[in-house]
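Data block for structure16.pdb (PDB, C-alpha atoms and all ligand atoms):
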ATOM      1  CA  MET A   1       0.000   0.000   0.000  1.00  0.00           C
ATOM      2  CA  LYS A   2       1.291   3.505  -0.853  1.00  0.00           C
ATOM      3  CA  LYS A   3       3.056   5.183   2.072  1.00  0.00           C
ATOM      4  CA  GLY A   4       0.573   7.002   4.284  1.00  0.00           C
ATOM      5  CA  LEU A   5      -2.466   5.535   2.524  1.00  0.00           C
ATOM      6  CA  ALA A   6      -3.456   3.275   5.413  1.00  0.00           C
ATOM      7  CA  PHE A   7      -3.581   6.132   7.872  1.00  0.00           C
ATOM      8  CA  SER A   8      -5.400   8.321   5.334  1.00  0.00           C
ATOM      9  CA  LEU A   9      -8.149   5.682   5.094  1.00  0.00           C
ATOM     10  CA  TYR A  10      -8.632   5.642   8.872  1.00  0.00           C
ATOM     11  CA  LYS A  11      -8.540   9.451   8.873  1.00  0.00           C
ATOM     12  CA  LYS A  12     -11.099   9.722   6.079  1.00  0.00           C
ATOM     13  CA  TYR A  13     -13.612   7.245   7.507  1.00  0.00           C
ATOM     14  CA  HIS A  14     -13.188   7.782  11.223  1.00  0.00           C
ATOM     15  CA  ILE A  15     -11.248  10.885  12.298  1.00  0.00           C
ATOM     16  CA  ASP A  16     -12.703  13.324   9.756  1.00  0.00           C
ATOM     17  CA  ARG A  17     -16.222  12.007  10.384  1.00  0.00           C
ATOM     18  CA  ASN A  18     -15.735  12.296  14.136  1.00  0.00           C
ATOM     19  CA  ASP A  19     -16.566   8.600  14.290  1.00  0.00           C
ATOM     20  CA  GLU A  20     -13.663   6.822  15.964  1.00  0.00           C
ATOM     21  CA  ARG A  21     -15.936   5.551  18.780  1.00  0.00           C
ATOM     22  CA  LEU A  22     -12.967   5.396  21.150  1.00  0.00           C
ATOM     23  CA  GLY A  23     -15.041   6.396  24.205  1.00  0.00           C
ATOM     24  CA  MET A  24     -17.376   3.483  23.561  1.00  0.00           C
ATOM     25  CA  PHE A  25     -14.574   0.909  23.633  1.00  0.00           C
ATOM     26  CA  SER A  26     -12.971   2.590  26.655  1.00  0.00           C
ATOM     27  CA  ILE A  27     -16.206   2.196  28.642  1.00  0.00           C
ATOM     28  CA  LEU A  28     -16.327  -1.497  27.747  1.00  0.00           C
ATOM     29  CA  LYS A  29     -12.733  -1.943  28.870  1.00  0.00           C
ATOM     30  CA  GLU A  30     -13.517  -0.246  32.198  1.00  0.00           C
ATOM     31  CA  LYS A  31     -16.690  -2.199  32.887  1.00  0.00           C
ATOM     32  CA  TYR A  32     -15.839  -5.689  31.726  1.00  0.00           C
ATOM     33  CA  LYS A  33     -12.822  -7.938  31.716  1.00  0.00           C
ATOM     34  CA  ILE A  34     -12.000  -7.888  28.012  1.00  0.00           C
ATOM     35  CA  ASN A  35      -8.645  -8.972  26.688  1.00  0.00           C
ATOM     36  CA  ASN A  36      -9.519 -10.056  23.207  1.00  0.00           C
ATOM     37  CA  ALA A  37     -12.155  -9.040  20.697  1.00  0.00           C
ATOM     38  CA  LEU A  38     -13.517 -10.225  17.352  1.00  0.00           C
ATOM     39  CA  TYR A  39     -14.632  -7.558  14.869  1.00  0.00           C
ATOM     40  CA  PRO A  40     -16.330  -9.014  11.766  1.00  0.00           C
ATOM     41  CA  GLY A  41     -17.136  -6.444   9.056  1.00  0.00           C
ATOM     42  CA  SER A  42     -14.580  -4.044  10.508  1.00  0.00           C
ATOM     43  CA  PHE A  43     -13.475  -2.367   7.262  1.00  0.00           C
ATOM     44  CA  VAL A  44     -10.608  -0.085   8.542  1.00  0.00           C
ATOM     45  CA  HIS A  45     -12.102   0.642  11.961  1.00  0.00           C
ATOM     46  CA  ILE A  46      -9.017  -0.209  14.001  1.00  0.00           C
ATOM     47  CA  THR A  47     -10.003   1.833  17.094  1.00  0.00           C
ATOM     48  CA  PRO A  48     -10.666  -1.288  19.260  1.00  0.00           C
ATOM     49  CA  SER A  49      -6.913  -2.001  19.111  1.00  0.00           C
ATOM     50  CA  PHE A  50      -6.257   1.304  20.888  1.00  0.00           C
ATOM     51  CA  VAL A  51      -8.031  -0.217  23.913  1.00  0.00           C
ATOM     52  CA  PHE A  52      -7.887  -4.031  23.684  1.00  0.00           C
ATOM     53  CA  PRO A  53      -4.511  -5.822  23.403  1.00  0.00           C
ATOM     54  CA  SER A  54      -5.698  -8.519  21.022  1.00  0.00           C
ATOM     55  CA  VAL A  55      -8.232  -7.987  18.233  1.00  0.00           C
ATOM     56  CA  VAL A  56      -9.135 -10.138  15.233  1.00  0.00           C
ATOM     57  CA  TYR A  57     -10.648  -8.217  12.316  1.00  0.00           C
ATOM     58  CA  VAL A  58     -12.581  -9.862   9.465  1.00  0.00           C
ATOM     59  CA  ASP A  59     -13.669  -8.314   6.195  1.00  0.00           C
ATOM     60  CA  THR A  60     -14.102  -9.351   2.563  1.00  0.00           C
ATOM     61  CA  ASN A  61     -13.144  -5.867   1.401  1.00  0.00           C
ATOM     62  CA  LYS A  62      -9.820  -5.637  -0.524  1.00  0.00           C
ATOM     63  CA  PRO A  63      -8.786  -2.146   0.678  1.00  0.00           C
ATOM     64  CA  ALA A  64      -9.383  -3.401   4.247  1.00  0.00           C
ATOM     65  CA  LYS A  65      -7.016  -6.309   3.538  1.00  0.00           C
ATOM     66  CA  ASP A  66      -4.356  -3.909   2.212  1.00  0.00           C
ATOM     67  CA  PHE A  67      -4.879  -1.646   5.208  1.00  0.00           C
ATOM     68  CA  PHE A  68      -4.266  -4.417   7.755  1.00  0.00           C
ATOM     69  CA  ASN A  69      -1.260  -5.696   5.795  1.00  0.00           C
ATOM     70  CA  ASP A  70       0.403  -2.292   6.018  1.00  0.00           C
ATOM     71  CA  PRO A  71       3.046  -2.223   8.793  1.00  0.00           C
ATOM     72  CA  SER A  72       2.392   1.491   9.396  1.00  0.00           C
ATOM     73  CA  VAL A  73      -0.999   0.533  10.864  1.00  0.00           C
ATOM     74  CA  HIS A  74       0.808  -1.357  13.626  1.00  0.00           C
ATOM     75  CA  ASP A  75       3.045   1.675  14.284  1.00  0.00           C
ATOM     76  CA  PHE A  76      -0.021   3.887  14.442  1.00  0.00           C
ATOM     77  CA  VAL A  77      -1.701   1.555  16.980  1.00  0.00           C
ATOM     78  CA  SER A  78       1.406   1.369  19.141  1.00  0.00           C
ATOM     79  CA  LYS A  79       1.328   5.177  19.458  1.00  0.00           C
ATOM     80  CA  LYS A  80      -2.370   5.281  20.335  1.00  0.00           C
ATOM     81  CA  LYS A  81      -2.758   2.232  22.591  1.00  0.00           C
ATOM     82  CA  SER A  82      -3.673   2.625  26.255  1.00  0.00           C
ATOM     83  CA  TYR A  83      -2.251  -0.716  27.530  1.00  0.00           C
ATOM     84  CA  ASP A  84       1.285  -1.890  28.201  1.00  0.00           C
ATOM     85  CA  GLU A  85       1.371  -5.160  26.244  1.00  0.00           C
ATOM     86  CA  ASP A  86       2.316  -5.321  22.581  1.00  0.00           C
ATOM     87  CA  SER A  87      -0.757  -5.207  20.346  1.00  0.00           C
ATOM     88  CA  VAL A  88      -1.825  -8.373  18.606  1.00  0.00           C
ATOM     89  CA  ILE A  89      -3.741  -7.494  15.448  1.00  0.00           C
ATOM     90  CA  SER A  90      -4.958 -10.206  13.073  1.00  0.00           C
ATOM     91  CA  PHE A  91      -6.984  -9.807   9.931  1.00  0.00           C
ATOM     92  CA  HIS A  92      -8.897 -12.460   7.994  1.00  0.00           C
ATOM     93  CA  HIS A  93      -9.855 -11.571   4.457  1.00  0.00           C
ATOM     94  CA  LYS A  94     -12.917 -13.791   4.735  1.00  0.00           C
ATOM     95  CA  ASP A  95     -16.692 -13.870   4.727  1.00  0.00           C
ATOM     96  CA  TYR A  96     -17.676 -13.952   8.393  1.00  0.00           C
ATOM     97  CA  ARG A  97     -20.682 -16.160   7.553  1.00  0.00           C
ATOM     98  CA  LYS A  98     -18.240 -18.962   6.738  1.00  0.00           C
ATOM     99  CA  ASN A  99     -15.524 -20.544   8.861  1.00  0.00           C
ATOM    100  CA  ILE A 100     -13.049 -17.808   9.828  1.00  0.00           C
ATOM    101  CA  GLY A 101     -10.601 -20.267  11.390  1.00  0.00           C
ATOM    102  CA  GLU A 102     -10.789 -18.953  14.953  1.00  0.00           C
ATOM    103  CA  PRO A 103     -11.444 -21.233  17.944  1.00  0.00           C
ATOM    104  CA  ILE A 104     -15.017 -21.383  19.190  1.00  0.00           C
ATOM    105  CA  GLU A 105     -15.941 -19.639  22.467  1.00  0.00           C
ATOM    106  CA  SER A 106     -12.577 -17.887  22.579  1.00  0.00           C
ATOM    107  CA  PHE A 107     -13.426 -14.150  22.533  1.00  0.00           C
ATOM    108  CA  ASP A 108     -14.400 -11.832  25.408  1.00  0.00           C
ATOM    109  CA  LEU A 109     -16.061  -9.329  23.059  1.00  0.00           C
ATOM    110  CA  LEU A 110     -17.880  -9.577  19.726  1.00  0.00           C
ATOM    111  CA  ILE A 111     -18.260  -6.261  17.859  1.00  0.00           C
ATOM    112  CA  SER A 112     -21.143  -5.722  15.433  1.00  0.00           C
ATOM    113  CA  GLN A 113     -21.218  -2.317  13.733  1.00  0.00           C
ATOM    114  CA  TYR A 114     -23.139  -1.672  10.492  1.00  0.00           C
ATOM    115  CA  ALA A 115     -22.234  -5.024   8.928  1.00  0.00           C
ATOM    116  CA  GLY A 116     -25.165  -7.468   9.140  1.00  0.00           C
ATOM    117  CA  PHE A 117     -26.245 -10.241  11.489  1.00  0.00           C
ATOM    118  CA  ILE A 118     -22.896 -10.806  13.209  1.00  0.00           C
ATOM    119  CA  SER A 119     -24.634 -11.735  16.483  1.00  0.00           C
ATOM    120  CA  GLN A 120     -25.888 -14.845  14.683  1.00  0.00           C
ATOM    121  CA  PHE A 121     -23.096 -15.880  12.324  1.00  0.00           C
ATOM    122  CA  CYS A 122     -20.270 -15.265  14.827  1.00  0.00           C
ATOM    123  CA  LYS A 123     -21.964 -16.126  18.135  1.00  0.00           C
ATOM    124  CA  LYS A 124     -20.038 -19.378  18.287  1.00  0.00           C
ATOM    125  CA  TYR A 125     -16.717 -17.530  18.648  1.00  0.00           C
ATOM    126  CA  LEU A 126     -17.902 -15.559  21.694  1.00  0.00           C
ATOM    127  CA  LYS A 127     -17.286 -17.068  25.136  1.00  0.00           C
ATOM    128  CA  ILE A 128     -20.351 -17.909  27.202  1.00  0.00           C
ATOM    129  CA  GLY A 129     -20.427 -14.874  29.486  1.00  0.00           C
ATOM    130  CA  GLY A 130     -18.750 -12.737  26.810  1.00  0.00           C
ATOM    131  CA  ILE A 131     -20.105  -9.376  25.634  1.00  0.00           C
ATOM    132  CA  LEU A 132     -21.778  -8.511  22.340  1.00  0.00           C
ATOM    133  CA  LEU A 133     -21.665  -4.844  21.302  1.00  0.00           C
ATOM    134  CA  ALA A 134     -24.197  -4.156  18.561  1.00  0.00           C
ATOM    135  CA  ASN A 135     -25.927  -1.209  16.993  1.00  0.00           C
ATOM    136  CA  SER A 136     -29.314  -1.387  15.395  1.00  0.00           C
ATOM    137  CA  SER A 137     -28.291  -0.122  11.990  1.00  0.00           C
ATOM    138  CA  HIS A 138     -28.511  -3.430  10.097  1.00  0.00           C
ATOM    139  CA  GLY A 139     -31.004  -4.952  12.501  1.00  0.00           C
ATOM    140  CA  ASP A 140     -28.381  -6.843  14.505  1.00  0.00           C
ATOM    141  CA  ALA A 141     -29.246  -5.366  17.917  1.00  0.00           C
ATOM    142  CA  SER A 142     -32.900  -6.233  17.208  1.00  0.00           C
ATOM    143  CA  MET A 143     -31.860  -9.757  16.245  1.00  0.00           C
ATOM    144  CA  ALA A 144     -29.861 -10.194  19.465  1.00  0.00           C
ATOM    145  CA  SER A 145     -32.769  -8.807  21.503  1.00  0.00           C
ATOM    146  CA  ILE A 146     -35.001 -11.708  20.421  1.00  0.00           C
ATOM    147  CA  ASP A 147     -32.279 -14.358  20.708  1.00  0.00           C
ATOM    148  CA  THR A 148     -32.499 -16.242  24.012  1.00  0.00           C
ATOM    149  CA  ASP A 149     -28.754 -16.981  23.861  1.00  0.00           C
ATOM    150  CA  TYR A 150     -28.188 -13.301  24.659  1.00  0.00           C
ATOM    151  CA  LYS A 151     -29.237 -11.233  27.666  1.00  0.00           C
ATOM    152  CA  PHE A 152     -29.691  -7.493  27.118  1.00  0.00           C
ATOM    153  CA  ILE A 153     -27.542  -5.777  29.776  1.00  0.00           C
ATOM    154  CA  GLY A 154     -27.149  -2.114  28.869  1.00  0.00           C
ATOM    155  CA  VAL A 155     -26.896   0.696  26.365  1.00  0.00           C
ATOM    156  CA  LEU A 156     -24.346   3.279  25.313  1.00  0.00           C
ATOM    157  CA  ASN A 157     -25.529   6.773  24.480  1.00  0.00           C
ATOM    158  CA  LYS A 158     -23.479   9.444  22.769  1.00  0.00           C
ATOM    159  CA  ARG A 159     -24.125  13.007  23.851  1.00  0.00           C
ATOM    160  CA  ARG A 160     -21.931  16.008  23.128  1.00  0.00           C
ATOM    161  CA  ASN A 161     -19.207  13.714  21.838  1.00  0.00           C
ATOM    162  CA  LYS A 162     -19.092  11.589  25.001  1.00  0.00           C
ATOM    163  CA  TYR A 163     -20.356   8.082  25.535  1.00  0.00           C
ATOM    164  CA  ALA A 164     -22.296   7.106  28.648  1.00  0.00           C
ATOM    165  CA  PHE A 165     -23.325   3.655  29.815  1.00  0.00           C
ATOM    166  CA  SER A 166     -26.754   2.947  31.285  1.00  0.00           C
ATOM    167  CA  GLU A 167     -28.371  -0.199  32.607  1.00  0.00           C
ATOM    168  CA  LYS A 168     -31.496   1.547  33.873  1.00  0.00           C
ATOM    169  CA  ASN A 169     -35.019   0.859  32.616  1.00  0.00           C
ATOM    170  CA  LEU A 170     -33.932  -1.778  30.142  1.00  0.00           C
ATOM    171  CA  ASP A 171     -37.614  -2.649  29.613  1.00  0.00           C
ATOM    172  CA  SER A 172     -38.074   0.691  27.888  1.00  0.00           C
ATOM    173  CA  TYR A 173     -35.880  -0.299  24.909  1.00  0.00           C
ATOM    174  CA  PHE A 174     -36.764  -2.324  21.820  1.00  0.00           C
ATOM    175  CA  ILE A 175     -40.301  -0.946  21.702  1.00  0.00           C
ATOM    176  CA  PRO A 176     -41.177  -0.451  18.011  1.00  0.00           C
ATOM    177  CA  LYS A 177     -42.614   2.965  17.086  1.00  0.00           C
ATOM    178  CA  LYS A 178     -45.134   1.198  14.888  1.00  0.00           C
ATOM    179  CA  PRO A 179     -46.623  -1.711  16.822  1.00  0.00           C
ATOM    180  CA  ARG A 180     -45.448  -4.918  15.145  1.00  0.00           C
ATOM    181  CA  GLU A 181     -44.040  -8.263  16.101  1.00  0.00           C
ATOM    182  CA  VAL A 182     -40.297  -8.278  15.484  1.00  0.00           C
ATOM    183  CA  THR A 183     -39.325 -11.801  14.455  1.00  0.00           C
ATOM    184  CA  ARG A 184     -36.169 -13.312  12.984  1.00  0.00           C
ATOM    185  CA  GLU A 185     -37.982 -13.758   9.642  1.00  0.00           C
ATOM    186  CA  TYR A 186     -39.103 -10.120   9.633  1.00  0.00           C
ATOM    187  CA  LEU A 187     -35.565  -8.857  10.389  1.00  0.00           C
ATOM    188  CA  GLU A 188     -34.002 -11.104   7.733  1.00  0.00           C
ATOM    189  CA  LYS A 189     -36.556  -9.809   5.251  1.00  0.00           C
ATOM    190  CA  ILE A 190     -36.109  -6.075   5.912  1.00  0.00           C
ATOM    191  CA  ASN A 191     -32.328  -6.368   6.541  1.00  0.00           C
ATOM    192  CA  ARG A 192     -32.177  -3.044   8.385  1.00  0.00           C
ATOM    193  CA  GLY A 193     -32.922  -1.569  11.785  1.00  0.00           C
ATOM    194  CA  VAL A 194     -36.380  -1.319  13.302  1.00  0.00           C
ATOM    195  CA  GLY A 195     -37.564   2.164  14.397  1.00  0.00           C
ATOM    196  CA  TYR A 196     -37.787   2.112  18.198  1.00  0.00           C
ATOM    197  CA  THR A 197     -39.161   4.684  20.632  1.00  0.00           C
ATOM    198  CA  LYS A 198     -35.667   4.974  22.139  1.00  0.00           C
ATOM    199  CA  SER A 199     -32.529   4.810  20.023  1.00  0.00           C
ATOM    200  CA  PRO A 200     -29.247   4.574  21.928  1.00  0.00           C
ATOM    201  CA  SER A 201     -26.133   4.488  19.799  1.00  0.00           C
ATOM    202  CA  ASN A 202     -25.256   0.951  20.893  1.00  0.00           C
ATOM    203  CA  TYR A 203     -26.639  -1.984  22.835  1.00  0.00           C
ATOM    204  CA  LEU A 204     -24.801  -4.472  25.047  1.00  0.00           C
ATOM    205  CA  PHE A 205     -25.669  -8.125  25.509  1.00  0.00           C
ATOM    206  CA  ARG A 206     -24.123 -10.983  27.420  1.00  0.00           C
ATOM    207  CA  ARG A 207     -23.947 -14.405  25.827  1.00  0.00           C
ATOM    208  CA  ILE A 208     -25.716 -16.697  28.297  1.00  0.00           C
ATOM    209  CA  ASN A 209     -26.052 -19.920  26.280  1.00  0.00           C
TER     210      ASN A 209
HETATM  211  C1  LIG B 301     -20.623  -0.193   6.468  1.00  0.00           C
HETATM  212  S1  LIG B 301     -19.071  -0.990   6.676  1.00  0.00           S
HETATM  213  C2  LIG B 301     -18.872  -0.804   8.417  1.00  0.00           C
HETATM  214  C3  LIG B 301     -17.440  -0.764   8.821  1.00  0.00           C
HETATM  215  C4  LIG B 301     -17.167  -0.705  10.332  1.00  0.00           C
HETATM  216  N1  LIG B 301     -17.802  -1.810  11.025  1.00  0.00           N
HETATM  217  C5  LIG B 301     -17.607   0.583  10.948  1.00  0.00           C
HETATM  218  O1  LIG B 301     -18.498   0.581  11.813  1.00  0.00           O
HETATM  219  O2  LIG B 301     -17.080   1.636  10.585  1.00  0.00           O
HETATM  220  C6  LIG B 301     -19.512  -2.702   6.508  1.00  0.00           C
HETATM  221  C7  LIG B 301     -18.310  -3.615   6.278  1.00  0.00           C
HETATM  222  O3  LIG B 301     -18.728  -4.957   6.502  1.00  0.00           O
HETATM  223  C8  LIG B 301     -18.129  -5.792   5.533  1.00  0.00           C
HETATM  224  N2  LIG B 301     -18.945  -7.005   5.396  1.00  0.00           N
HETATM  225  C9  LIG B 301     -20.275  -7.043   5.134  1.00  0.00           C
HETATM  226  N3  LIG B 301     -20.681  -8.328   5.086  1.00  0.00           N
HETATM  227  C10 LIG B 301     -19.568  -9.095   5.314  1.00  0.00           C
HETATM  228  C11 LIG B 301     -19.341 -10.499   5.393  1.00  0.00           C
HETATM  229  N4  LIG B 301     -20.346 -11.364   5.223  1.00  0.00           N
HETATM  230  N5  LIG B 301     -18.095 -10.930   5.655  1.00  0.00           N
HETATM  231  C12 LIG B 301     -17.074 -10.057   5.864  1.00  0.00           C
HETATM  232  N6  LIG B 301     -17.231  -8.713   5.777  1.00  0.00           N
HETATM  233  C13 LIG B 301     -18.468  -8.240   5.517  1.00  0.00           C
HETATM  234  C14 LIG B 301     -18.058  -4.924   4.286  1.00  0.00           C
HETATM  235  O4  LIG B 301     -17.070  -5.396   3.381  1.00  0.00           O
HETATM  236  C15 LIG B 301     -17.749  -3.544   4.872  1.00  0.00           C
HETATM  237  O5  LIG B 301     -16.362  -3.309   4.908  1.00  0.00           O
END
Mind converting the file's structure to structure tokens?
Ligand SMILES: C[S@@+](CC[C@H](N)C(=O)[O-])C[C@H]1O[C@@H](n2cnc3c(N)ncnc32)[C@H](O)[C@@H]1O
Amino acid sequence: MKKGLAFSLYKKYHIDRNDERLGMFSILKEKYKINNALYPGSFVHITPSFVFPSVVYVDTNKPAKDFFNDPSVHDFVSKKKSYDEDSVISFHHKDYRKNIGEPIESFDLLISQYAGFISQFCKKYLKIGGILLANSSHGDASMASIDTDYKFIGVLNKRRNKYAFSEKNLDSYFIPKKPREVTREYLEKINRGVGYTKSPSNYLFRRIN
């Protein structure tokens, strides 16, 4: 990859759009014991590696593959990281719906951001007791909310550029604006988020089965 191109991709998609989401990962690190994370459909969103020592990224996108192959990305992470260990960053240029070659039940955190039903296809890689972070953009938070293998445990809200965690009134989430039954079939059919009366930026679940 051309010198500086990797960083310019991260800058373009995350820094310039004020969308690094660093505060979100920092809260997770504070609240839960997370050493390693799996991020399917990551594209070039390498921010989790600033916070978690070991992260596996998965994407079918070719520029994402080039980005993770670029040694300057590792230099960039080592400047930004908030932990003492060396960073372990792996990338699989694979479809996350197929076998990604990682051991089952081996990750503390599964990250699902704007990339489809990761809570379903990659559940097997998450430890029982591990955390799923999902937004509702592609319907994945909705999917997890009706999956009895996950327990809904909290939300993250972004206000004035800061993230805040809440575990209060969890019953008041996932209430559709238009009354309708949200089923797996419905979510697979619409392939996008459901409009809810409350819309936090992200939802947290614990894998319980
Ligand atoms: C909209 S981008 C989101 C990127 C990143 N998660 C973020 O929040 O900035 C969606 C990414 O998911 C990837 N993706 C979608 N389906 C995938 C699949 N089945 N396997 C691997 N990557 C996938 C796409 O290639 C794309 O890079």
message: Taking all atoms listed in the file into account, which residues have an atom no farther than 6 Å from ligand LIG 301 (chain B)? I'd like them as JSON, numbers by chain.
response: {"A": [41, 42, 43, 45, 58, 59, 60, 61, 94, 95, 96, 97, 113, 114, 115]}
Rows by chain and residue number, region 99-152 of chain A within 12 Å of region 165-172 of chain A, shortest pair, only C-alpha atoms, as CSV:
residue,atom,partner,partner_atom,distance
A:Ser145,CA,A:Leu170,CA,11.2
A:Lys151,CA,A:Leu170,CA,10.8
A:Phe152,CA,A:Leu170,CA,7.7
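You will find CA of Phe91 (chain A) at 9.9 Å from CA of Leu38 (chain A).
With distances restricted to only C-alpha atoms, A:Arg206 is the closest residue to Ala134 (chain A) from A:Lys198, A:Arg206, A:Lys189, A:Lys158.
Of the residues under consideration (A:Lys178, A:Glu85, A:Tyr150, A:Pro71), A:Pro71 shows the shortest atom-to-atom contact distance to Lys3 (chain A) when counting all atoms listed in the file.
Relative to CA of Val194 (chain A), CA of Pro176 (chain A) is found at 6.8 Å.
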